Structures are given as C-alpha cells and as structure tokens.
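Student: Let me begin by handing over the structure; questions about it come next.
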There are 2 protein chains.
Amino acid sequence: MTPKGVAILGSTGSIGTTALRVLARQRERFVVTALTANTNSALLREQEKEFLPSYVGLVCGDDELHAGWGGGSDVLVEAATREDTSIVLNAVVGAAGLDATLAALRAGKRVALANKETLVVAGALAEQACREGGGEIVPVDSEHSAILQCIGTRPRSEVRRIILTASGGPFRGWSEQQLADATLEDALRHPTWTMGRKITIDSATLANKALEVIEAHFLFGLDYDQIDVVVHPQSIVHSFVEFIDGSVVAQMSVPSMELPVLYALTHPERASDDGVGGFDPVANSPLTFEPVAMSQFPALGLGIAAGERGGAAPAIYNAANEQAVALFLAGRIKFGDIPKAIESALERLSDLPSGNREELLEADASARKHVMELF
Amino acid sequence: MTPKGVAILGSTGSIGTTALRVLARQRERFVVTALTANTNSALLREQEKEFLPSYVGLVCGDDELHAGWGGGSDVLVEAATREDTSIVLNAVVGAAGLDATLAALRAGKRVALANKETLVVAGALAEQACREGGGEIVPVDSEHSAILQCIGTRPRSEVRRIILTASGGPFRGWSEQQLADATLEDALRHPTWTMGRKITIDSATLANKALEVIEAHFLFGLDYDQIDVVVHPQSIVHSFVEFIDGSVVAQMSVPSMELPVLYALTHPERASDDGVGGFDPVANSPLTFEPVAMSQFPALGLGIAAGERGGAAPAIYNAANEQAVALFLAGRIKFGDIPKAIESALERLSDLPSGNREELLEADASARKHVMELF
C-alpha cells in the first residue's frame with residue numbers, strides 16, 4: 001500500500017515526540033509530510049533530518065528558521081492543508097490549534113485530535129467544518145480512543161452510554177480540609193500519568209474530565225446524560241462503552257500514549273506494533289472503581305453543566321480554567337480558587353454570543369479578563 | 001425489516017428457555033420457526049402455544065407426540081434445515097447435536113452454537129461443512145461471545161491472542177489434600193453461575209475451560225499458543241482480546257446467558273434489549289485476576305494438549321471426561337479420578353483414526369468404554 005501522509009502540529013511536545021516514536025516503527029503505512037513546532041527549533045531540526053518531511057514550520061522565533069522552513073502563526077494552517085497529507089495530528093496546546101483543525105477538516109483531512117480545546121471551545125464549528133469538507137475527527141485522548149476502539153465501526157445508535165474513567169488525580173480521597181491546604185507540589189504529583197503541568201493540575205481539579213465529557217459529547221454525538229464518569233485509580237481501563245443490549249466493552253492497556261496515537265492513525269484498522277507492553281491481567285489485578293466525589297471536585301460538575309448549557313459556556317469554562325490554573329501555577333491563588341474562578345466567570349458570561357469563531361474567541365478573552373480581575 | 005426465522009434445538013433446557021425469554025422480547029427481529037425437545041413434551045407444548053412455530057419435534061417419547069409434531073432422532077436435522085429458518089440455535093447436550101449442526105451449516109444457516117461438543121469432537125468437519133454450504137458458526141458460550149463482541153467485524157488477522165476468563169470454580173484455592181477429599185456436594189457448589197450438573201463438574205475440574213480453549217481454536221482460527229486462560233473469580237469480565245497493536249478489549253456484564261444468546265442472533269449488529277441488568281463498575285469493584293493453578297487442575301492441561309495434538313484426541317478427551325463425570329455424579333469414583341481417567345484414555349487411544357464422522361463417533365465410544373473398564 002502507499003504510505004499515508006501525516007502532518008504533526010506540535011511535533012516537539014509530549015504528544016508530538018510520542019507520535020514520531022510510533023511513526024518511526026510504521027514507515028510502511030505512514031510517511032511524515034509536515035512538522036511544526038512552537039519554539040523548539042533545535043529538536044525540530046533533528047526531527048526534520050530523521051523524517052525528511054516536505055514541510056517544516058516554526059511558529060515563534062524568526063531568528064532560528066532553517067533554510068526552507070515556514071515561519072509565523074500561519075504555518076499551522078499551511079501544514080494542515082497540504083495535498084500530500086491525509087492525516088493531521090493536532091497536538092498544539094490551547095486555542096492556537098483551532099484554526100488548523102477547522103482548515104484541515106474543510107480540506108477533507110482526518111484530524112487526529114490531541115487538542116481538546118478545539119471541540120470544547122468550538123465543537124459546533126468543527127462539526128460544521130466536517131460537513132462542509134468531508135473531514136473527520138479521530139480522538140487521541142486515551143479515554144476517547146478507548147471508546148472509539150470499543151465502538152469500532154458499529155453505528156453510534158448501538159451505544160446506550162459511555163463511562164469515562166478518571167484516575168482521580170493526586171487528591172483522590174482527600175478531605176475538604178486537606179484540599180483547602182493543597183499545595184502546588186501536591187497538585188503536580190499525579191499518580192499514574194506523566195503529563196504537562198497544565199493538564200496535571202486539570203487532573204487534580206477534575207476539570208480535565210469535564211473537558212473530556214464535552215469532547216465526548218461532540219465526538220460521539222451523545223447527550224450529556226449518556227456520559228458518566230467513574231474513578232479508576234489504576235488507569236488500566238481507559239473507558240467503557242455500554243451498548244443497547246446491555247453489553248459493556250472496555251479497552252485496557254498500561255498507561256501509554258503511543259497506543260492512542262497509533263490507533264488515531266490506523267482506525268478502523270489496527271497495525272502490528274510492539275511499542276505497547278503486553279497486558280497481563282494478573283499483574284494488573286485488582287482493578288477498582290469508585291464513584292466521583294462530586295462535592296470535593298466542583299470543577300467537574302461546573303464543566304458538565306457548561307457543556308449542557310452550550311453556546312459560549314464551554315468556551316467560558318475552558319478559558320476561565322486556563323487562566324485560573326496559570327495563576328495557581330504562578331503561586332498567586334489557592335487550589336480551591338480555581339473552581340471559584342470558573343463558577344464566577346460562567347455566572348457572569350455564559351450568555352455571550354457564540355455564533356462564529358470571532359465571537360467564541362471574544363468570549364474566551366472575556367473569561368480570562370474576568371478571572372484576572374477577580375484576584 | 002422481515003423477522004428472521006430461528007429454530008431452537010433443545011428448547012426446554014436451560015439455554016433453550018433462556019433463548020425463548022429473549023425472543024419473546026425481540027418479535028420485531030425474529031420469529032420462532034421450529035422447536036425441538038428431548039423428553040419434556042409438556043413444556044414443549046406450552047412453548048408451541050406461545051410461539052406458534054411451523055415445526056415442533058420431540059426426540060424421545062412417542063406416546064407424548066401432539067398432533068403435527070415430528071418424533072424421533074431425525075427431528076433435530078429436520079428442524080435445523082428448514083427453508084423458513086435462517087438461524088439454528090443448537091442447545092442440544094452432547095454428541096447428539098453434531099449431525100444437526102453439520103446439516104445446518106451445509107444448508108447455509110447461521111448456527112448459534114451452545115453445543116460445545118460439535119467443535120471439540122468434530123471441529124474440522126464443521127469447518128468443512130461451513131465451506132461447503134456457506135453456513136457460519138456463532139458462539140453462545142459467554143466467553144466466546146465476549147471474544148466475538150470484542151472482535152466485531154475486525155479481521156481475525158488483527159488478533160494477537162485471546163485470554164479466556166475462568167471463575168476458578170468451587171475449588172479455587174483448595175490445597176491438594178482438600179481436593180483429594182472433595183465431595184460431590186462441594187463440586188456442585190459453583191460460585192457464580194447456575195448451570196446443569198455436568199457443566200458444573202466440568203467447571204470444578206476446569207475441563208470446561210479446556211473444551212472452551214479447543215472451541216476457541218476452531219471458532220477464531222487461532223493457534224493454541226494464542227489462547228490463554230486466567231482466573232477471574234467475579235465472572236464479570238467474560239474474556240479479553242489482545243490486538244496486534246497491543247490494545248486489549250474486554251467484554252463485561254453481570255453473569256447472564258441472555259446476552260450471549262441475543263448477540264449470537266444479532267451479530268454483528270446489536271439489538272436494543274433491557275433483559276440484561278445495567279453494568280455498574282463501582283458495584284462490581286474490585287475485578288481480580290489470578291493465574292490458573294495448573295497442577296491442581298490437571299484436566300485443563302490435558303485438554304489443551306489434546307487440542308494441540310488434534311486428530312481423534314479432542315474427541316477422546318471429551319468422551320472420557322463425559323464418562324468420568326457421569327461416574328463421579330453417580331458416586332462411583334472420586335473427584336481426582338476424573339483427570340486420571342482422561343489421561344489414561346488419551347494415552348491409549350489418541351492415535352485412533354478421525355477422518356470422518358463415523359470414525360470420530362467410534363473414537364468417542366472407545367473412550368467411554370475405556371473409562372468404564374478402568375473402575
């Protein structure tokens with residue numbers, strides 16, 4: 001078969017480097033056609049030498065452009081819409097990834113989406129772009145990949161509900177009093193996954209799980225009452241799908257992003273790959289499940305409510321959370337202030353218009369400003 | 001859609017009555033076209049009145065034939081090959097179900113197979129019948145149904161291995177000394193499933209799991225080294241499939257045969273059905289897995305070795321086990337004598353010819369005779 005062209009937006013980050021490890025093993029199926037990075041030109045140059053893509057782009061740092069590289073914020077859309085590219089892995093962090101996703105979908109590409117913000121902030125726009133251009137979104141998040149793997153090519157009408165698993169984060173089982181005194185170091189100590197700082201804090205507040213619920217709503221066309229969350233401290237079962245006949249199918253593996261990245265490229269097929277360690281049920285026993293302590297983690301309920309409300313609310317939720325997490329990481333607010341900031345922004349701003357990209361970005365900016373003014 | 005015709009062989013047994021409960025809820029998709037029973041004419045008559053099949057047959061008991069019923073051992077093949085029937089649920093116990101399965105496959109039917117003996121005794125003949133007539137076998141065993149559900153319509157080449165779960169039976173964790181003294185009452189006390197006496201003893205010796213390994217070999221076209229067994233005392237995870245990319249998918253539900261029966265009828269689709277209780281991961285936590293104590297349960301290793309040897313060996317294994325279990329149920333031999341009888345029969349008779357149905361039935365008879373003469 002002819003290898004499919006893959007563009008990687010954010011190739012020097014955690015997901016991007018994981019993807020290149022996977023692609024180095026899958027050269028018969030895939031060829032790297034484009035790489036973009038935000039600032040890490042040295043690593044980008046190394047990747048270029050190894051994978052020989054036809055396009056390389058660096059978003060920031062004009063001084064460090066090598067010969068033939070594209071520069072500036074346009075490189076994302078450029079890399080995402082090339083003729084030689086079938087699949088765009090969008091691993092850009094934050095709202096900066098939105099335009100590239102929409103452009104790729106309009107150009108009929110598969111977008112392997114590691115950029116949650118696209119669907120949370122602008123799920124309706126992404127759906128519209130898919131309809132217009134014939135593109136499709138395939139998730140890279142481990143939970144959503146698990147659900148897609150369980151569904152396979154079955155029609156979505158066979159799904160009764162899904163259950164997203166959550167590790168519970170570092171504060172699982174903490175009392176309200178302990179949570180009030182939680183430090184930055186405590187919050188960054190994730191029990192099962194090694195990730196960036198922002199997503200690690202989101203895992204501690206469970207805001208990450210709220211974003212995933214909203215993402216699942218758009219990815220799988222499910223109502224919010226069809227999406228449940230359960231705490232699973234071992235992070236082995238990556239999610240469950242309950243079908244209309246009462247059967248439940250779950251996907252498991254040791255925690256590793258290589259598998260979800262690979263599956264996003266090959267779905268609905270699977271490719272032979274030995275990058276993921278074999279699964280041993282005995283070594284991973286017991287698998288335990290607990291209800292989510294919703295009152296301890298108000299960010300989760302706020303996020304689901306924002307998703308149900310729709311309109312600008314998910315964008316407000318996401319932006320307020322991002323801003324509050326930045327303040328917490330900077331040592332300027334307490335852990336318990338994060339959900340308070342989100343709640344305040346949602347109360348004040350949820351009715352903002354959200355009909356197009358510009359209005360959504362304005363809502364985003366308003367939420368960030370609101371949070372900055374709170375403290 | 002036009003409802004598909006379903007014939008049920010063994011409609012008054014445990015699987016048969018379960019199937020009719022399911023079919024009573026699925027009258028838009030399926031219509032019962034034929035029912036057969038071995039001896040229970042009273043229940044068969046009730047079922048006839050409720051489901052109005054076009055054919056009813058009673059194997060034994062000429063005195064109890066109602067008007068229009070077929071009688072004698074031919075009714076199984078007759079019910080299995082009718083024009084108005086698309087799916088034959090074979091829930092006949094033992095080798096008596098073999099001819100009906102082969103006839104249905106040659107007639108191009110789907111056989112929903114609850115009769116393990118067909119594949120264990122005559123897997124190669126069944127494969128040949130599928131090729132000749134275009135029929136297909138879909139499993140009803142919960143473990144094999146789980147595997148089929150996890151695979152869905154994916155090509156079998158994407159499967160790296162499967163892991164069958166075993167409850168471990170009533171003797172899980174017993175010492176050799178305790179096992180030597182195990183009584184019939186002990187052996188009949190299955191921890192999670194309520195089943196017939198023969199299969200309950202097979203679950204105590206793990207012979208049942210050996211039969212399932214052989215069944216899986218034929219159903220899914222897997223080598224024996226691609227089939228593992230793990231003990232899972234809760235009987236919630238019904239089996240695992242590990243794919244070639246390292247991903248593992250498992251099917252779960254509370255122990256109930258309604259779901260595997262329904263799925264065997266609808267595969268690869270799923271039908272909306274509320275007969276199976278909702279799955280609650282928290283209520284079913286923890287899920288635990290243990291290695292099989294192979295030395296405590298020699299019947300398992302003997303069965304897998306018989307499968308690997310092929311030829312007449314699986315038929316010898318099955319027949320020797322059936323005969324030994326009958327003797328144990330009659331109080332004539334000890335629990336530990338069951339694997340000894342199997343081992344002796346395999347050593348003596350594995351080289352018997354197995355080229356056709358008659359030779360296989362002869363091997364079966366020789367094994368039973370051998371076991372009777374041992375004690």
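Starting from 1 in every chain, residues are counted up; chains themselves are A, B, ... following the order of the structure tokens, and ligands are numbered from 1 as listed.
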Stretch 96-112 of chain B: which residues within 10 Å, counting only C-alpha atoms, same-chain residues fewer than 6 positions away excluded, as a PyMOL selection string?
Tutor: chain B and resi 6-10+73-83+85-90+118-119+121-122+125-141+260-265+357
Student: Mind dumping the selected residues with C-alpha atoms as a PDB file, in the first residue's frame?
Tutor:
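New file out-v3.pdb:
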```
ATOM      1  CA  VAL B   6     -34.976 -19.060  14.375  1.00  0.00           C
ATOM      2  CA  ALA B   7     -35.036 -22.800  15.135  1.00  0.00           C
ATOM      3  CA  ILE B   8     -34.240 -23.852  18.689  1.00  0.00           C
ATOM      4  CA  LEU B   9     -32.873 -27.340  19.214  1.00  0.00           C
ATOM      5  CA  GLY B  10     -33.226 -28.207  22.886  1.00  0.00           C
ATOM      6  CA  SER B  73     -33.891 -38.555  16.470  1.00  0.00           C
ATOM      7  CA  ASP B  74     -34.378 -37.191  12.941  1.00  0.00           C
ATOM      8  CA  VAL B  75     -36.270 -34.157  14.215  1.00  0.00           C
ATOM      9  CA  LEU B  76     -33.026 -32.316  15.007  1.00  0.00           C
ATOM     10  CA  VAL B  77     -31.753 -32.338  11.431  1.00  0.00           C
ATOM     11  CA  GLU B  78     -35.257 -31.646  10.149  1.00  0.00           C
ATOM     12  CA  ALA B  79     -35.645 -28.592  12.396  1.00  0.00           C
ATOM     13  CA  ALA B  80     -32.142 -27.400  11.505  1.00  0.00           C
ATOM     14  CA  THR B  81     -32.559 -27.344   7.731  1.00  0.00           C
ATOM     15  CA  ARG B  82     -35.967 -25.783   7.095  1.00  0.00           C
ATOM     16  CA  GLU B  83     -36.484 -23.165   4.393  1.00  0.00           C
ATOM     17  CA  THR B  85     -35.148 -20.769   9.141  1.00  0.00           C
ATOM     18  CA  SER B  86     -32.068 -18.520   8.987  1.00  0.00           C
ATOM     19  CA  ILE B  87     -30.581 -19.229  12.403  1.00  0.00           C
ATOM     20  CA  VAL B  88     -30.351 -22.536  14.243  1.00  0.00           C
ATOM     21  CA  LEU B  89     -29.734 -22.280  17.981  1.00  0.00           C
ATOM     22  CA  ASN B  90     -28.190 -25.616  18.856  1.00  0.00           C
ATOM     23  CA  THR B 118     -19.660 -30.160  17.892  1.00  0.00           C
ATOM     24  CA  LEU B 119     -16.428 -28.208  17.673  1.00  0.00           C
ATOM     25  CA  VAL B 121     -15.287 -33.594  18.667  1.00  0.00           C
ATOM     26  CA  ALA B 122     -15.540 -32.585  15.051  1.00  0.00           C
ATOM     27  CA  LEU B 125     -15.811 -31.469   9.921  1.00  0.00           C
ATOM     28  CA  ALA B 126     -17.688 -28.331  10.959  1.00  0.00           C
ATOM     29  CA  GLU B 127     -15.159 -26.154   9.158  1.00  0.00           C
ATOM     30  CA  GLN B 128     -15.609 -28.262   6.054  1.00  0.00           C
ATOM     31  CA  ALA B 129     -19.410 -28.017   6.295  1.00  0.00           C
ATOM     32  CA  CYS B 130     -19.135 -24.200   6.504  1.00  0.00           C
ATOM     33  CA  ARG B 131     -17.020 -24.135   3.374  1.00  0.00           C
ATOM     34  CA  GLU B 132     -19.381 -26.461   1.517  1.00  0.00           C
ATOM     35  CA  GLY B 133     -22.659 -24.776   2.361  1.00  0.00           C
ATOM     36  CA  GLY B 134     -21.777 -21.214   3.248  1.00  0.00           C
ATOM     37  CA  GLY B 135     -23.033 -21.545   6.814  1.00  0.00           C
ATOM     38  CA  GLU B 136     -21.358 -19.922   9.791  1.00  0.00           C
ATOM     39  CA  ILE B 137     -20.943 -20.738  13.459  1.00  0.00           C
ATOM     40  CA  VAL B 138     -21.583 -18.048  16.053  1.00  0.00           C
ATOM     41  CA  PRO B 139     -20.824 -18.942  19.672  1.00  0.00           C
ATOM     42  CA  VAL B 140     -23.289 -18.830  22.550  1.00  0.00           C
ATOM     43  CA  ASP B 141     -20.797 -19.592  25.339  1.00  0.00           C
ATOM     44  CA  PRO B 260     -24.693 -14.157  24.654  1.00  0.00           C
ATOM     45  CA  VAL B 261     -27.850 -15.766  23.234  1.00  0.00           C
ATOM     46  CA  LEU B 262     -29.116 -12.433  21.931  1.00  0.00           C
ATOM     47  CA  TYR B 263     -25.757 -11.467  20.463  1.00  0.00           C
ATOM     48  CA  ALA B 264     -25.446 -14.808  18.672  1.00  0.00           C
ATOM     49  CA  LEU B 265     -28.713 -13.936  16.921  1.00  0.00           C
ATOM     50  CA  ARG B 357     -17.985 -38.589  11.417  1.00  0.00           C
TER      51      ARG B 357
END
```
Student: Go through chain B residue by residue and, counting only C-alpha atoms, keep those with an atom at most 7 Å from chain A; for each kept residue give the shortest atom pair and its distance in Å to one decimal, ordered by chain and increasing number, as CSV.
Tutor:
```
residue,atom,partner,partner_atom,distance
B:Glu158,CA,A:Arg270,CA,6.3
B:Ile244,CA,A:Ser272,CA,4.6
B:Asp245,CA,A:Asp273,CA,4.6
B:Gly246,CA,A:Val276,CA,5.4
B:Ser247,CA,A:Ser253,CA,5.9
B:Val248,CA,A:Met252,CA,5.1
B:Val249,CA,A:Gln251,CA,4.4
B:Ala250,CA,A:Ala250,CA,5.3
B:Gln251,CA,A:Val249,CA,4.4
B:Met252,CA,A:Val248,CA,5.1
B:Ser253,CA,A:Ser247,CA,5.9
B:Arg270,CA,A:Asp245,CA,6.3
B:Ala271,CA,A:Asp245,CA,5.7
B:Ser272,CA,A:Ile244,CA,4.6
B:Asp273,CA,A:Asp245,CA,4.6
B:Asp274,CA,A:Asp245,CA,6.5
B:Val276,CA,A:Gly246,CA,5.4
B:Gly277,CA,A:Gly246,CA,6.7
B:Gly278,CA,A:Gly246,CA,6.1
B:Pro281,CA,A:Phe289,CA,5.9
B:Val282,CA,A:Phe289,CA,4.9
B:Ser285,CA,A:Thr288,CA,5.1
B:Pro286,CA,A:Thr288,CA,4.5
B:Leu287,CA,A:Leu287,CA,5.1
B:Thr288,CA,A:Pro286,CA,4.5
B:Phe289,CA,A:Val282,CA,4.9
B:Glu290,CA,A:Val282,CA,5.2
B:Pro291,CA,A:Val282,CA,6.5
```
Student: Between atom CA of A:Asp202 and atom CA of A:Ser175, what is the spacing in Å?
Tutor: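 About the pair atom CA of A:Ser175 and atom CA of A:Asp202: they are 18.5 Å apart.
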Student: Which residue, A:Ala180, A:Leu222, A:Val229, A:Met257, has the smallest gap to A:Ile15 when you use only C-alpha atoms?
Tutor: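 Among the listed residues, A:Met257 lies closest to A:Ile15.
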Student: Counting only C-alpha atoms, which of A:Ala330, A:Ala341, A:Leu361, A:Ala312 gets nearest to A:Ala124?
Tutor: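 Once distances to A:Ala124 are computed over only C-alpha atoms, the minimum belongs to A:Ala312.
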Student: Among stretch 104-198 of chain B, which ones does DSSP place in strand (DSSP E), written as a PyMOL selection string?
Tutor: chain B and resi 110-113+136-139+159-166
Student: Selected residues, C-alpha atoms, written as a PDB file, in the first residue's frame, please.
Tutor:
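Saved the output as part.pdb:
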```pdb
ATOM      1  CA  ARG B 110     -26.083 -19.498  10.892  1.00  0.00           C
ATOM      2  CA  VAL B 111     -25.620 -21.918  13.776  1.00  0.00           C
ATOM      3  CA  ALA B 112     -25.741 -20.253  17.187  1.00  0.00           C
ATOM      4  CA  LEU B 113     -23.760 -22.917  18.961  1.00  0.00           C
ATOM      5  CA  GLU B 136     -21.358 -19.922   9.791  1.00  0.00           C
ATOM      6  CA  ILE B 137     -20.943 -20.738  13.459  1.00  0.00           C
ATOM      7  CA  VAL B 138     -21.583 -18.048  16.053  1.00  0.00           C
ATOM      8  CA  PRO B 139     -20.824 -18.942  19.672  1.00  0.00           C
ATOM      9  CA  VAL B 159      -5.937 -10.546  16.868  1.00  0.00           C
ATOM     10  CA  ARG B 160      -2.640 -11.278  18.629  1.00  0.00           C
ATOM     11  CA  ARG B 161      -4.102 -13.513  21.353  1.00  0.00           C
ATOM     12  CA  ILE B 162      -7.159 -14.030  23.490  1.00  0.00           C
ATOM     13  CA  ILE B 163      -7.463 -14.575  27.223  1.00  0.00           C
ATOM     14  CA  LEU B 164     -10.392 -16.711  28.365  1.00  0.00           C
ATOM     15  CA  THR B 165     -11.531 -15.980  31.900  1.00  0.00           C
ATOM     16  CA  ALA B 166     -12.428 -18.775  34.306  1.00  0.00           C
TER      17      ALA B 166
END
```
Student: May I ask which of the residues A:Phe51, A:Lys198, A:Val92, A:Leu211 is the closest one to A:Leu23, counting only C-alpha atoms?
Tutor: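 Of all the options, A:Phe51 lies closest to A:Leu23.
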Student: Contacts of B:Asp351 at 10 Å or less, counting only C-alpha atoms, minus same-chain residues fewer than 2 places along, as a PyMOL selection string?
Tutor: chain B and resi 309-313+316+346-349+353-354+363
Student: Save the residues we just selected, N, CA and C atoms, as an mmCIF file, in the first residue's frame?
Tutor:
```cif
data_model
loop_
_atom_site.group_PDB
_atom_site.id
_atom_site.type_symbol
_atom_site.label_atom_id
_atom_site.label_comp_id
_atom_site.auth_asym_id
_atom_site.auth_seq_id
_atom_site.Cartn_x
_atom_site.Cartn_y
_atom_site.Cartn_z
ATOM 1 N N ARG B 309 -2.660 -31.728 19.922
ATOM 2 C CA ARG B 309 -2.381 -32.981 19.215
ATOM 3 C C ARG B 309 -3.342 -33.161 18.032
ATOM 4 N N GLY B 310 -4.588 -32.762 18.213
ATOM 5 C CA GLY B 310 -5.555 -32.838 17.122
ATOM 6 C C GLY B 310 -5.974 -34.269 16.821
ATOM 7 N N GLY B 311 -6.455 -34.498 15.610
ATOM 8 C CA GLY B 311 -6.923 -35.831 15.229
ATOM 9 C C GLY B 311 -8.062 -36.258 16.127
ATOM 10 N N ALA B 312 -7.956 -37.495 16.650
ATOM 11 C CA ALA B 312 -9.025 -38.018 17.500
ATOM 12 C C ALA B 312 -8.906 -37.526 18.934
ATOM 13 N N ALA B 313 -7.756 -36.928 19.294
ATOM 14 C CA ALA B 313 -7.501 -36.634 20.707
ATOM 15 C C ALA B 313 -8.584 -35.762 21.366
ATOM 16 N N ILE B 316 -11.544 -37.953 22.083
ATOM 17 C CA ILE B 316 -11.215 -38.874 23.180
ATOM 18 C C ILE B 316 -11.307 -38.121 24.517
ATOM 19 N N LEU B 346 -6.503 -40.874 26.865
ATOM 20 C CA LEU B 346 -5.707 -40.175 25.847
ATOM 21 C C LEU B 346 -4.443 -40.956 25.518
ATOM 22 N N GLU B 347 -3.796 -41.497 26.551
ATOM 23 C CA GLU B 347 -2.563 -42.255 26.322
ATOM 24 C C GLU B 347 -2.818 -43.465 25.432
ATOM 25 N N ARG B 348 -3.946 -44.114 25.675
ATOM 26 C CA ARG B 348 -4.216 -45.352 24.985
ATOM 27 C C ARG B 348 -4.799 -45.143 23.575
ATOM 28 N N LEU B 349 -5.608 -44.079 23.401
ATOM 29 C CA LEU B 349 -6.479 -44.047 22.216
ATOM 30 C C LEU B 349 -6.246 -42.879 21.248
ATOM 31 N N PRO B 353 -8.198 -43.424 14.246
ATOM 32 C CA PRO B 353 -8.494 -42.605 13.059
ATOM 33 C C PRO B 353 -9.625 -41.607 13.332
ATOM 34 N N SER B 354 -9.602 -40.496 12.602
ATOM 35 C CA SER B 354 -10.559 -39.416 12.885
ATOM 36 C C SER B 354 -10.958 -38.701 11.607
ATOM 37 N N ALA B 363 -14.271 -43.380 17.965
ATOM 38 C CA ALA B 363 -13.271 -42.977 18.953
ATOM 39 C C ALA B 363 -13.966 -42.564 20.254
#
```
Student: Can you pull out every residue from stretch 25-205 of chain B that DSSP, working from the backbone, puts in alpha helix (DSSP H), and format the result as a PyMOL selection string?
Tutor: chain B and resi 25+41-51+75-80+98-106+116-133+142-151+176-180+184-187+197-205
